[in-house]
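Structure first, commentary second.
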Amino acid sequence: MKVWAVANQKGGVGKTTTAITLAGLLSSRGYNTLMIDMDPHGSLTSYSGFDPDTVDDGVYTLFKGSNIMLASVIKKTKFDRLYLMPASTALATLDRQLGAQDGKGLVLSQTLQRISSRFDYVLIDCPPMLGVLMVNALAACDHLIIPVQTEFLALKGLERMMYTLNMIMRSRKIPVPYTILPTMYDKRTRASQQSLRHLEEHYAANLSSTPIPIDTQFREASRAGVPLPMVDRYARGVVAYTTLLNYLADFDSVREQPFEKAVSM
Amino acid sequence: MNIFSEQPAVVLEHETALQVYFDALLQDMSGSIYAEESQKSLIEEKILEQNNILGPVIGIAEGSAPFTVNERRVSSKVPTWATTPFQSLLFSTYGVKMVVPLIQLHSIVNLKAPIKYVPSNSAWFMGILPWRGKHVKVIDICKLMAMKGAEFKGLEESAHKRLVLINDGSWGFVCDDVSKVFTLYPGQIQWRSDWTHRAWLAGTVIEHMCTLLDMDEFVLHISGISPAA
């Protein structure tokens with residue numbers, strides 16, 4: 001089982017879109033895929049057809065105790081091989097309740113150990129703020145994906161994220177490979193071009209080769225509650241995410257199925 | 001244990017605050033992924049108790065052979081790690097300020113659990129503290145530095161709030177608090193010229209007028225003089 005976390009301390013950079021699109025692609029390729037929504041806003045949960053205000057068990061349950069029925073916290077979505085551990089609004093209270101209690105940053109990684117034989121991939125959608133939820137995600141993941149909107153303020157947010165990541169790595173002791181993913185790229189605007197150039201100059205070693213372009217179909221897919229790859233696998237955005245998945249394959253041995261087989265699905 | 005449950009007297013420096021926060025959250029507890037290692041340590045401790053030789057188990061980090069003196073020093077004065085600017089931690093113990101290079105530290109943890117007293121040891125060896133499946137050997141640096149035969153009536157042990165882990169986390173020393181992380185340049189230090197005695201006292205940080213400690217030398221020193229070595 002491979003665990004990928006999608007994180008950035010800045011909001012609105014495409015974290016949820018990245019998580020659900022990659023999850024959609026992986027499940028389409030035949031992998032049992034679990035999405036974990038660590039964001040109290042519950043965007044990924046809503047996207048998947050659950051209500052964060054009324055969902056019974058989910059990520060919050062993990063922090064309540066050790067006797068947890070995992071079958072109740074993992075929900076099957078309406079798509080084959082795609083599962084969700086939902087967020088609930090109560091997640092927003094965890095930092096207040098837990099503070100910095102010893103070991104509470106390892107709750108998720110310990111849970112994932114229990115289900116490692118059941119899933120091929122886990123995609124974690126992180127909250128846009130530093131706290132016990134983000135620390136759990138960064139402690140549990142094998143690979144970190146950092147979406148960065150191609151605009152000036154998002155670049156400042158990336159610096160903050162890199163700083164946080166370095167600090168957590170000191171505590172975690174094991175380094176985490178990470179990939180910076182330029183998102184919402186609009187090649188017609190100077191701001192996008194300059195931002196991408198900045199990323200290429202400063203983060204070349206960890207930069208995804210293909211930026212994710214602005215694609216209005218993502219919005220339409222979220223309105224329909226369907227991952228875009230399952231609506232249009234040749235949409236511009238999906239093609240870019242497919243390139244990202246192939247890029248991540250260098251780390252995790254994800255192998256693209258033969259093109260003919262993919263088309264016939 | 002909630003490290004922010006009590007109102008801190010002094011707000012920690014930005015980086016230190018984050019590091020303490022992350023260290024606490026990522027500290028392993030019993031029944032977790034380190035349970036196996038923890039269990040092994042408990043068994044080892046029982047054997048030591050049964051044989052009435054409970055004391056610090058001395059050793060350098062596994063897989064890392066001790067450095068020779070020449071490898072630890074680029075010259076007769078300057079340690080290898082101090083040839084370029086390096087990050088340092090300023091801390092105080094019994095109100096005495098000292099500095100250690102960050103690169104030689106393992107973790108900083110809050111000291112709330114009691115240290116298990118081990119009889120028949122020197123006053124500077126405070127005992128053993130279970131931490132992440134390890135049994136950390138806890139040292140009181142001030143008492144170690146004190147002259148032979150000195151009394152410690154003026155030293156108030158209850159002031160110790162934190163434990164600074166060094167080496168591979170098997171050793172630690174207590175301190176009142178950590179105050180800040182800052183960059184030190186080799187030129188800001190008055191290096192000692194005599195390395196034959198207490199080589200772990202590396203020099204004096206002129207700006208703060210306090211001692212700079214070399215933890216590599218420190219571990220070698222306490223490993224050599226510990227009664228259990």
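Just remember, in the structure tokens the first chain shown is A, the second B, etc., residues are 1-based per chain, and ligands are 1-based in the order shown.
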
- Item | Selection: 12 Å around stretch 235-250 of chain A, only C-alpha atoms, excl. self and same-chain fewer than 6 positions, as a PyMOL selection string | chain A and resi 2-4+14+17-26+28-29+142-147+177-186+206-221+227-229+256-257

- Task: Counting only C-alpha atoms, collect the residues of chain A whose closest atom lies at most 12 Å from chain B, and write them out as an MDAnalysis selection string.
- Result: chainID A and resid 66 95:114 130:140 163:174

So that I can see what lies close to A:Ile36, please list as a list in words the residues with an atom at most 7 Å from it, counting only C-alpha atoms and leaving out residues fewer than 5 positions away in the same chain.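 Listing them by chain and then by number gives Leu84, Met85, Pro86, Leu123, Ile124 and Asp125 of chain A.
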
Given the selection you just returned, output its residues as a file containing all heavy atoms, formatted as a tab-separated table (two decimals), in the first residue's frame.
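Output (result-v4.tsv):
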chain	number	residue	atom	x	y	z
A	84	LEU	N	-13.80	5.92	0.90
A	84	LEU	CA	-13.59	7.22	1.55
A	84	LEU	C	-13.62	7.07	3.06
A	84	LEU	O	-14.49	6.39	3.62
A	84	LEU	CB	-14.70	8.20	1.13
A	84	LEU	CG	-14.69	9.55	1.86
A	84	LEU	CD1	-13.56	10.44	1.36
A	84	LEU	CD2	-16.03	10.27	1.72
A	85	MET	N	-12.65	7.69	3.70
A	85	MET	CA	-12.75	7.91	5.15
A	85	MET	C	-13.12	9.39	5.29
A	85	MET	O	-12.29	10.27	5.03
A	85	MET	CB	-11.41	7.61	5.84
A	85	MET	CG	-11.52	7.51	7.36
A	85	MET	SD	-9.91	7.22	8.14
A	85	MET	CE	-9.54	5.56	7.62
A	86	PRO	N	-14.36	9.67	5.67
A	86	PRO	CA	-14.86	11.04	5.55
A	86	PRO	C	-14.41	11.96	6.68
A	86	PRO	O	-14.06	11.52	7.77
A	86	PRO	CB	-16.38	10.85	5.59
A	86	PRO	CG	-16.59	9.60	6.37
A	86	PRO	CD	-15.41	8.72	6.10
A	123	LEU	N	-5.00	8.15	-0.66
A	123	LEU	CA	-4.82	9.57	-0.98
A	123	LEU	C	-5.36	10.39	0.19
A	123	LEU	O	-6.53	10.23	0.55
A	123	LEU	CB	-5.59	9.96	-2.25
A	123	LEU	CG	-4.93	9.85	-3.61
A	123	LEU	CD1	-3.76	10.83	-3.73
A	123	LEU	CD2	-4.46	8.45	-3.93
A	124	ILE	N	-4.51	11.21	0.78
A	124	ILE	CA	-4.93	12.01	1.94
A	124	ILE	C	-5.08	13.47	1.51
A	124	ILE	O	-4.12	14.07	1.01
A	124	ILE	CB	-3.91	11.92	3.09
A	124	ILE	CG1	-3.63	10.46	3.45
A	124	ILE	CG2	-4.42	12.69	4.31
A	124	ILE	CD1	-2.50	10.29	4.46
A	125	ASP	N	-6.27	14.01	1.72
A	125	ASP	CA	-6.51	15.43	1.45
A	125	ASP	C	-6.33	16.19	2.75
A	125	ASP	O	-7.08	15.99	3.71
A	125	ASP	CB	-7.94	15.61	0.91
A	125	ASP	CG	-8.19	17.03	0.41
A	125	ASP	OD1	-7.21	17.77	0.19
A	125	ASP	OD2	-9.37	17.39	0.25

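Taking atom CA of A:Val6 and atom CA of A:Val73 as the two end points, the separation is 20.4 Å.
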
What does the distance between atom CA of A:Asp120 and atom CA of A:Leu82 come to in Å, to one decimal place?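 Those two atoms sit 10.7 Å apart.
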
So which residues touch B:Leu201 within 12 Å, counting only C-alpha atoms, skipping near sequence neighbours fewer than 6 positions away, as an MDAnalysis selection string? chainID B and resid 77:79 98:100 141 144:145 189:195 210:219 221

Write the selection just made, keeping C-alpha atoms, as a PDB file, in the first residue's frame?
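Below is the file again_24.pdb, written as the result:
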ATOM      1  CA  LYS B  77      41.140  23.523  18.650  1.00  0.00           C
ATOM      2  CA  VAL B  78      38.118  23.507  16.366  1.00  0.00           C
ATOM      3  CA  PRO B  79      35.765  20.519  16.174  1.00  0.00           C
ATOM      4  CA  MET B  98      24.981  26.755  28.012  1.00  0.00           C
ATOM      5  CA  VAL B  99      25.001  26.173  24.262  1.00  0.00           C
ATOM      6  CA  VAL B 100      24.974  22.968  22.211  1.00  0.00           C
ATOM      7  CA  ILE B 141      25.417  18.296  33.430  1.00  0.00           C
ATOM      8  CA  LEU B 144      28.996  16.462  36.231  1.00  0.00           C
ATOM      9  CA  MET B 145      30.826  19.747  35.781  1.00  0.00           C
ATOM     10  CA  ILE B 189      33.802  31.209  20.072  1.00  0.00           C
ATOM     11  CA  GLN B 190      36.828  31.200  22.285  1.00  0.00           C
ATOM     12  CA  TRP B 191      38.009  27.637  21.735  1.00  0.00           C
ATOM     13  CA  ARG B 192      39.722  25.774  24.498  1.00  0.00           C
ATOM     14  CA  SER B 193      43.313  24.908  23.924  1.00  0.00           C
ATOM     15  CA  ASP B 194      43.538  21.957  26.297  1.00  0.00           C
ATOM     16  CA  TRP B 195      41.742  18.908  24.898  1.00  0.00           C
ATOM     17  CA  CYS B 210      28.511  30.733  28.339  1.00  0.00           C
ATOM     18  CA  THR B 211      29.972  27.314  27.671  1.00  0.00           C
ATOM     19  CA  LEU B 212      29.679  25.582  24.305  1.00  0.00           C
ATOM     20  CA  LEU B 213      29.358  21.826  24.726  1.00  0.00           C
ATOM     21  CA  ASP B 214      30.537  19.158  22.286  1.00  0.00           C
ATOM     22  CA  MET B 215      28.054  16.293  22.628  1.00  0.00           C
ATOM     23  CA  ASP B 216      30.165  13.790  20.680  1.00  0.00           C
ATOM     24  CA  GLU B 217      32.928  14.234  23.216  1.00  0.00           C
ATOM     25  CA  PHE B 218      30.383  14.333  26.014  1.00  0.00           C
ATOM     26  CA  VAL B 219      28.980  10.887  25.177  1.00  0.00           C
ATOM     27  CA  HIS B 221      33.302  10.975  28.263  1.00  0.00           C
TER      28      HIS B 221
END

Please identify which residues in stretch 19-261 of chain A DSSP calls strand (DSSP E) from the backbone, and express them as an MDAnalysis selection string.
chainID A and resid 33:37 75:76 82:85 121:125 143:149 178:183
